[in-house]
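This is start_7.txt (compact mmCIF, C-alpha atoms).
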# COMPACT_ATOMS: atom_id res chain seq x y z
CA MET P 5 0.00 0.00 0.00
CA GLN P 6 2.71 2.43 1.01
CA LEU P 7 4.76 1.43 -2.03
CA LEU P 8 1.77 1.95 -4.34
CA MET P 9 1.12 5.40 -2.86
CA PHE P 10 4.79 6.31 -3.25
CA TYR P 11 4.78 5.37 -6.92
CA ILE P 12 1.53 7.23 -7.65
CA LEU P 13 2.67 10.40 -5.83
CA GLY P 14 6.23 10.22 -7.18
CA PHE P 15 5.11 9.68 -10.77
CA GLY P 16 2.62 12.54 -10.44
CA ALA P 17 5.29 14.86 -9.03
CA VAL P 18 7.75 14.09 -11.83
CA LEU P 19 5.06 14.39 -14.50
CA SER P 20 3.74 17.75 -13.32
CA ALA P 21 7.30 19.06 -12.83
CA SER P 22 8.12 18.12 -16.43
CA LEU P 23 4.94 19.83 -17.63
CA MET P 24 5.98 22.91 -15.62
CA VAL P 25 9.37 23.09 -17.32
CA THR P 26 8.08 22.47 -20.85
CA ASN P 27 5.02 24.74 -20.81
CA VAL P 28 5.21 28.04 -22.68
CA ARG P 29 2.56 29.90 -20.69
CA PRO P 30 3.69 31.11 -17.24
CA VAL P 31 0.26 30.71 -15.61
CA THR P 32 -0.01 27.05 -16.67
CA ALA P 33 3.54 26.48 -15.46
CA ALA P 34 2.63 27.97 -12.06
CA MET P 35 -0.44 25.72 -11.80
CA ASN P 36 1.69 22.67 -12.58
CA LEU P 37 4.20 23.72 -9.92
CA ILE P 38 1.35 23.94 -7.39
CA LEU P 39 0.32 20.41 -8.41
CA THR P 40 3.92 19.22 -7.88
CA MET P 41 3.86 20.73 -4.39
CA PHE P 42 0.65 18.90 -3.53
CA PHE P 43 2.17 15.58 -4.64
CA LEU P 44 5.30 16.33 -2.58
CA SER P 45 3.09 17.08 0.41
CA GLY P 46 1.59 13.60 0.06
CA ILE P 47 5.08 12.12 0.03
CA TYR P 48 5.88 14.03 3.24
CA VAL P 49 2.86 12.38 4.86
CA LEU P 50 4.29 9.01 3.81
CA LEU P 51 7.50 10.04 5.58
CA ASN P 52 5.66 10.86 8.85
CA ALA P 53 6.36 14.61 8.46
CA HIS P 54 2.83 15.83 9.17
CA LEU P 55 3.66 19.41 10.15
CA ILE P 56 5.95 19.86 7.15
CA ALA P 57 3.25 18.44 4.84
CA ALA P 58 0.75 21.02 6.10
CA LEU P 59 3.32 23.82 5.88
CA GLN P 60 4.17 22.76 2.32
CA ILE P 61 0.59 23.41 1.25
CA ILE P 62 0.08 26.55 3.34
CA VAL P 63 3.40 28.29 2.69
CA TYR P 64 4.46 27.02 -0.74
CA ALA P 65 1.24 26.26 -2.60
CA GLY P 66 -0.67 28.94 -0.68
CA ALA P 67 1.55 31.94 -0.08
CA ILE P 68 4.54 31.76 -2.43
CA MET P 69 2.69 30.55 -5.51
CA VAL P 70 -0.09 33.11 -5.06
CA LEU P 71 2.62 35.77 -5.03
CA PHE P 72 3.99 34.28 -8.27
CA LEU P 73 0.55 34.32 -9.89
CA PHE P 74 0.00 37.94 -8.82
CA VAL P 75 3.27 38.98 -10.44
CA ILE P 76 2.55 36.99 -13.63
CA LEU P 77 -0.86 38.63 -13.96
CA LEU P 78 0.55 42.05 -13.02
CA LEU P 79 3.28 41.99 -15.66
CA ASN P 80 0.89 40.80 -18.40
CA VAL P 81 3.60 39.82 -20.88
CA HIS P 82 2.76 38.45 -24.31
CA GLU P 83 4.21 35.00 -24.80
CA LYS P 84 6.64 34.43 -27.58
CA GLU P 85 6.27 31.36 -29.75
CA GLY P 86 8.54 28.61 -28.51
CA GLU P 87 10.72 30.83 -26.42
CA THR P 88 13.94 29.06 -25.59
CA ALA P 89 17.46 30.30 -25.44
CA ARG P 90 18.96 31.63 -28.61
CA ARG P 91 22.28 30.02 -27.84
CA LYS P 92 21.55 26.39 -28.74
CA VAL P 93 25.07 25.27 -27.75
CA MET P 94 24.52 26.51 -24.21
CA ILE P 95 21.27 24.50 -23.92
CA GLN P 96 22.81 21.32 -25.26
CA PHE P 97 25.89 21.61 -23.06
CA GLY P 98 23.85 22.42 -19.96
CA SER P 99 21.38 19.61 -20.51
CA ILE P 100 24.15 17.09 -21.10
CA VAL P 101 25.88 18.14 -17.88
CA VAL P 102 22.67 17.97 -15.84
CA VAL P 103 21.43 14.67 -17.23
CA GLY P 104 24.89 13.10 -16.93
CA THR P 105 25.16 14.20 -13.31
CA LEU P 106 21.68 12.79 -12.65
CA PHE P 107 22.71 9.47 -14.18
CA ILE P 108 25.81 9.23 -11.99
CA VAL P 109 23.87 10.25 -8.87
CA ILE P 110 21.14 7.68 -9.49
CA ALA P 111 23.68 4.94 -10.19
CA ASN P 112 25.39 5.77 -6.88
CA LEU P 113 22.15 6.07 -4.93
CA ALA P 114 20.92 2.71 -6.15
CA ALA P 115 24.14 1.15 -4.90
CA ILE P 116 23.87 2.42 -1.28
CA ASP P 117 23.72 -0.40 1.19
CA PRO P 118 20.46 0.13 3.13
CA SER P 119 21.87 -1.51 6.26
CA LEU P 120 24.23 1.46 6.72
CA VAL P 121 21.34 3.90 7.10
CA LYS P 122 19.04 1.71 9.15
CA ALA P 123 21.21 2.23 12.27
CA GLY P 124 18.94 4.91 13.70
CA ASP P 125 15.89 2.67 13.73
CA ALA P 126 17.11 0.92 16.87
CA VAL P 127 16.12 3.98 18.93
CA SER P 128 12.36 3.57 18.78
CA GLY P 129 11.36 5.53 21.88
CA VAL P 130 10.22 8.62 20.00
CA VAL P 131 8.72 6.91 16.97
CA ASN P 132 5.06 7.57 17.81
CA GLN P 133 5.88 11.27 18.39
CA PHE P 134 7.92 11.57 15.20
CA GLY P 135 7.07 14.53 12.99
CA THR P 136 4.08 15.75 14.95
CA THR P 137 3.51 19.45 15.52
CA LYS P 138 4.24 19.02 19.21
CA ALA P 139 7.60 17.33 18.64
CA VAL P 140 8.76 19.79 15.97
CA GLY P 141 7.57 22.73 18.08
CA ASN P 142 9.48 21.43 21.07
CA MET P 143 12.69 21.27 19.04
CA LEU P 144 12.07 24.63 17.42
CA PHE P 145 11.48 26.54 20.67
CA LYS P 146 14.07 24.74 22.80
CA ASP P 147 17.06 23.60 20.76
CA PHE P 148 16.71 25.98 17.81
CA LEU P 149 15.41 29.15 19.49
CA LEU P 150 18.20 31.44 18.23
CA PRO P 151 17.94 30.33 14.56
CA PHE P 152 14.17 30.76 14.83
CA GLU P 153 14.57 34.36 15.99
CA ILE P 154 17.16 35.05 13.29
CA ALA P 155 14.69 33.70 10.71
CA SER P 156 12.13 36.24 11.92
CA PHE P 157 14.68 39.03 11.38
CA LEU P 158 15.39 37.64 7.91
CA LEU P 159 11.69 37.82 7.05
CA LEU P 160 11.50 41.40 8.38
CA ALA P 161 14.47 42.39 6.22
CA ALA P 162 12.80 40.71 3.23
CA ILE P 163 9.58 42.66 3.78
CA VAL P 164 11.45 45.97 3.97
CA GLY P 165 13.55 45.07 0.93
CA ALA P 166 10.54 44.05 -1.13
CA VAL P 167 8.67 47.28 -0.32
CA ILE P 168 11.67 49.47 -1.17
CA LEU P 169 12.45 47.59 -4.40
CA GLY P 170 8.80 47.65 -5.44
CA LYS P 171 8.53 51.39 -4.89
CA ARG P 172 11.79 52.57 -6.40
CA ARG P 173 12.00 53.77 -9.96
CA ILE P 174 15.55 53.54 -11.26
CA ASP P 175 16.59 56.66 -13.16
CA ASP P 176 17.79 55.78 -16.63
CA SER P 177 18.92 59.27 -17.60
CA LYS P 178 22.51 60.04 -16.80
CA MET G 12 8.15 -0.42 2.75
CA VAL G 13 9.74 2.19 0.50
CA SER G 14 13.52 2.32 0.73
CA LEU G 15 15.55 5.45 1.35
CA ASN G 16 17.10 5.11 -2.10
CA SER G 17 13.71 5.58 -3.81
CA TYR G 18 13.13 8.87 -2.01
CA LEU G 19 16.66 10.10 -2.80
CA ILE G 20 16.29 9.15 -6.47
CA LEU G 21 12.94 11.00 -6.65
CA GLY G 22 14.63 14.05 -5.11
CA ALA G 23 17.49 13.83 -7.62
CA ILE G 24 15.07 13.58 -10.56
CA LEU G 25 13.06 16.61 -9.40
CA PHE G 26 16.26 18.62 -8.80
CA SER G 27 17.49 17.78 -12.31
CA ILE G 28 14.18 18.77 -13.90
CA GLY G 29 14.54 22.13 -12.13
CA ALA G 30 18.16 22.51 -13.24
CA VAL G 31 17.30 21.72 -16.88
CA GLY G 32 14.54 24.34 -16.65
CA VAL G 33 16.99 26.97 -15.42
CA PHE G 34 19.30 26.16 -18.34
CA THR G 35 16.74 26.03 -21.14
CA ARG G 36 14.01 28.57 -20.35
CA ARG G 37 14.32 32.27 -21.04
CA ASN G 38 11.30 33.55 -19.14
CA VAL G 39 12.65 34.87 -15.85
CA LEU G 40 9.46 33.94 -13.95
CA ILE G 41 9.69 30.30 -15.04
CA ILE G 42 13.39 30.22 -14.16
CA TYR G 43 12.37 31.43 -10.72
CA MET G 44 9.76 28.65 -10.42
CA CYS G 45 12.41 26.11 -11.38
CA ILE G 46 14.57 27.37 -8.52
CA GLU G 47 11.63 26.81 -6.15
CA LEU G 48 11.30 23.27 -7.54
CA MET G 49 14.99 22.64 -6.79
CA LEU G 50 14.49 23.88 -3.21
CA ASN G 51 11.56 21.46 -2.87
CA ALA G 52 13.70 18.55 -4.06
CA VAL G 53 16.28 19.37 -1.40
CA ASN G 54 13.50 19.50 1.21
CA LEU G 55 12.39 16.02 0.16
CA THR G 56 15.94 14.73 0.65
CA PHE G 57 16.13 16.30 4.13
CA ILE G 58 12.81 14.76 5.20
CA ALA G 59 13.74 11.34 3.82
CA PHE G 60 17.05 11.29 5.71
CA SER G 61 15.27 12.58 8.80
CA LYS G 62 12.86 9.63 8.73
CA PHE G 63 15.42 6.95 8.00
CA LEU G 64 18.00 8.21 10.51
CA ASN G 65 15.19 8.71 13.06
CA ASP G 66 16.47 12.22 13.81
CA MET G 67 14.10 15.18 13.72
CA ASN G 68 16.72 17.88 13.09
CA GLY G 69 15.89 17.57 9.39
CA HIS G 70 12.38 18.88 10.01
CA VAL G 71 13.78 22.07 11.55
CA PHE G 72 16.12 22.48 8.58
CA VAL G 73 13.16 22.21 6.19
CA PHE G 74 11.28 24.79 8.28
CA MET G 75 14.21 27.20 7.91
CA ILE G 76 14.50 26.51 4.16
CA MET G 77 10.81 27.38 3.79
CA ALA G 78 11.34 30.67 5.63
CA VAL G 79 14.31 31.52 3.40
CA ALA G 80 12.34 30.54 0.27
CA ALA G 81 9.49 32.84 1.27
CA ALA G 82 11.88 35.75 1.85
CA GLU G 83 13.68 35.00 -1.41
CA ALA G 84 10.41 34.88 -3.37
CA ALA G 85 9.28 38.26 -2.00
CA VAL G 86 12.57 40.04 -2.74
CA GLY G 87 13.14 38.30 -6.08
CA LEU G 88 9.69 39.11 -7.42
CA ALA G 89 10.12 42.73 -6.31
CA ILE G 90 13.39 42.82 -8.28
CA ILE G 91 11.63 41.34 -11.33
CA ILE G 92 8.91 43.99 -11.11
CA SER G 93 11.37 46.87 -10.85
CA LEU G 94 13.37 45.35 -13.73
CA PHE G 95 10.21 45.12 -15.84
CA ARG G 96 9.50 48.79 -15.15
CA ASN G 97 12.87 49.77 -16.59
CA LYS G 98 13.34 47.30 -19.46
CA ALA G 99 9.74 46.17 -20.22
CA THR G 100 10.89 42.59 -20.79
CA ILE G 101 11.10 39.40 -18.74
CA TYR G 102 13.27 37.41 -21.16
CA VAL G 103 16.74 36.96 -19.77
CA ASP G 104 18.55 37.21 -23.11
CA GLU G 105 17.14 40.72 -23.55
CA ILE G 106 18.22 41.78 -20.05
CA ASN G 107 21.87 42.65 -20.54
CA LEU G 108 22.31 45.74 -18.39
CA SER G 109 25.56 44.56 -16.80
CA LYS G 110 27.24 43.77 -20.12
CA GLY G 111 30.84 44.99 -19.85
Could I get this file's structure written as structure tokens?
Amino acid sequence: MQLLMFYILGFGAVLSASLMVTNVRPVTAAMNLILTMFFLSGIYVLLNAHLIAALQIIVYAGAIMVLFLFVILLLNVHEKEGETARRKVMIQFGSIVVVGTLFIVIANLAAIDPSLVKAGDAVSGVVNQFGTTKAVGNMLFKDFLLPFEIASFLLLAAIVGAVILGKRRIDDSK
Amino acid sequence: MVSLNSYLILGAILFSIGAVGVFTRRNVLIIYMCIELMLNAVNLTFIAFSKFLNDMNGHVFVFMIMAVAAAEAAVGLAIIISLFRNKATIYVDEINLSKG
């Protein structure tokens, strides 16, 4: 059952990600990316990460992608037919590098001995608490309090930066 | 029972799709979405290791990555808007302001 769910969700994620990359229209691409995020959220549930699965939908599919859609609709750019890079050599070289690296990575990943990674499973005391909001919250507000506060400052800086950049009009005349 | 390798391979495939998108597309908004897809693939890898090593630090890492991604999206889209105001294009081969 778990295996079946993994294959359905994984295949859906890869399919919608490919559609996102190949689609010409930005709005359709954004919708496909949202679909990918929903599939990934399902995979997080399979991995017992319940809080992260909810945050994936709320923060990524909800907040970030809505911001993307707003900007796409705001800019209102006419699509060009089959817009890809003019430098064909660059595309071919880049794709060969990426696909080759993927091939090597997958060959190596398939060869990992699972017994090396299973070591942590012996500690089963926290298993029924694993990934719940309570457990993640406990870690976040006890062990990782300082990084949490720094993240809030980062978000504040991002808000201020976004407002200033959105307002400013760069002067072209010199 | 799904093995750790399957999750890592899925993460690698999604990351590569994102990387190919960054290389081949010219629309700056779609390039930006591909970067988000790559961040998501890394998140998947973190969560998978977190489960199989039975260590919840990975969840906190993913939380922080989400916060950084939100900040990055806000600032990046503001930059794209202010760029569009000045150049009226979102195709990266027409944006060559810093050409030497």
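When all atoms listed in the file are used to measure the gap to P:Val140, the shortest distance among P:Asn52, P:Ala67, P:Leu8, P:Ser99 belongs to P:Asn52.
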- Item | Atom-to-atom span, atom CA of G:Tyr102 and atom CA of G:Arg36, Å |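 Here the two named atoms are 8.9 Å from each other.
Between atom CA of P:Leu51 and atom CA of G:Ser61 the interatomic distance comes to 8.8 Å.
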Give me, as a Markdown table, each residue of chain G that comes within 7 Å of chain P, together with its shortest interatomic pair and the distance in Å at one decimal, counting all atoms listed in the file, with rows ordered by chain and rising residue number.
| residue | atom | partner | partner_atom | distance |
| --- | --- | --- | --- | --- |
| G:Met12 | CA | P:Leu7 | CA | 6.1 |
| G:Val13 | CA | P:Leu7 | CA | 5.6 |
| G:Asn16 | CA | P:Leu113 | CA | 5.9 |
| G:Ile20 | CA | P:Ile110 | CA | 5.9 |
| G:Leu21 | CA | P:Gly14 | CA | 6.8 |
| G:Ala23 | CA | P:Leu106 | CA | 6.6 |
| G:Ile24 | CA | P:Leu106 | CA | 7.0 |
| G:Leu25 | CA | P:Val18 | CA | 6.4 |
| G:Ser27 | CA | P:Val102 | CA | 6.3 |
| G:Ile28 | CA | P:Ser22 | CA | 6.6 |
| G:Ala30 | CA | P:Val102 | CA | 6.9 |
| G:Val31 | CA | P:Ser99 | CA | 5.9 |
| G:Gly32 | CA | P:Val25 | CA | 5.4 |
| G:Phe34 | CA | P:Gly98 | CA | 6.1 |
| G:Thr35 | CA | P:Ile95 | CA | 5.5 |
| G:Arg36 | CA | P:Thr88 | CA | 5.3 |
| G:Arg37 | CA | P:Thr88 | CA | 5.6 |
| G:Ile41 | CA | P:Pro30 | CA | 6.4 |
| G:Ala59 | CA | P:Leu51 | CA | 6.6 |
| G:Lys62 | CA | P:Leu51 | CA | 6.2 |
| G:Phe63 | CA | P:Lys122 | CA | 6.5 |
| G:Leu64 | CA | P:Gly124 | CA | 4.7 |
| G:Asn65 | CA | P:Gly124 | CA | 5.4 |
| G:Val71 | CA | P:Leu144 | CA | 6.6 |
| G:Ala78 | CA | P:Ala155 | CA | 6.8 |
| G:Ala81 | CA | P:Ile68 | CA | 6.3 |
| G:Ala82 | CA | P:Ala162 | CA | 5.2 |
| G:Ala84 | CA | P:Ile68 | CA | 6.7 |
| G:Ala85 | CA | P:Ala166 | CA | 6.0 |
| G:Val86 | CA | P:Ala166 | CA | 4.8 |
| G:Ala89 | CA | P:Gly170 | CA | 5.2 |
| G:Ile90 | CA | P:Leu169 | CA | 6.2 |
| G:Ile92 | CA | P:Gly170 | CA | 6.7 |
| G:Ser93 | CA | P:Gly170 | CA | 6.0 |
Using only the atoms of stretch 149-156 of chain P listed in the file, plus 8 Å on each side, state the axis-aligned box centre and edge lengths in Å rounded to one decimal, as AutoDock Vina command-line options.
--center_x 15.2 --center_y 32.7 --center_z 15.1 --size_x 22.1 --size_y 23.1 --size_z 24.8
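Rounded to one decimal, atom CA of P:Lys138 and atom CA of G:Ile76 lie 19.7 Å from each other.
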- Task: Measuring atom to atom with all atoms listed in the file, identify which of G:Phe26, G:Asn107, G:Leu15, G:Asn38 is nearest to G:Asn54.
- Result: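 Distance minimum relative to G:Asn54 lands on G:Phe26.
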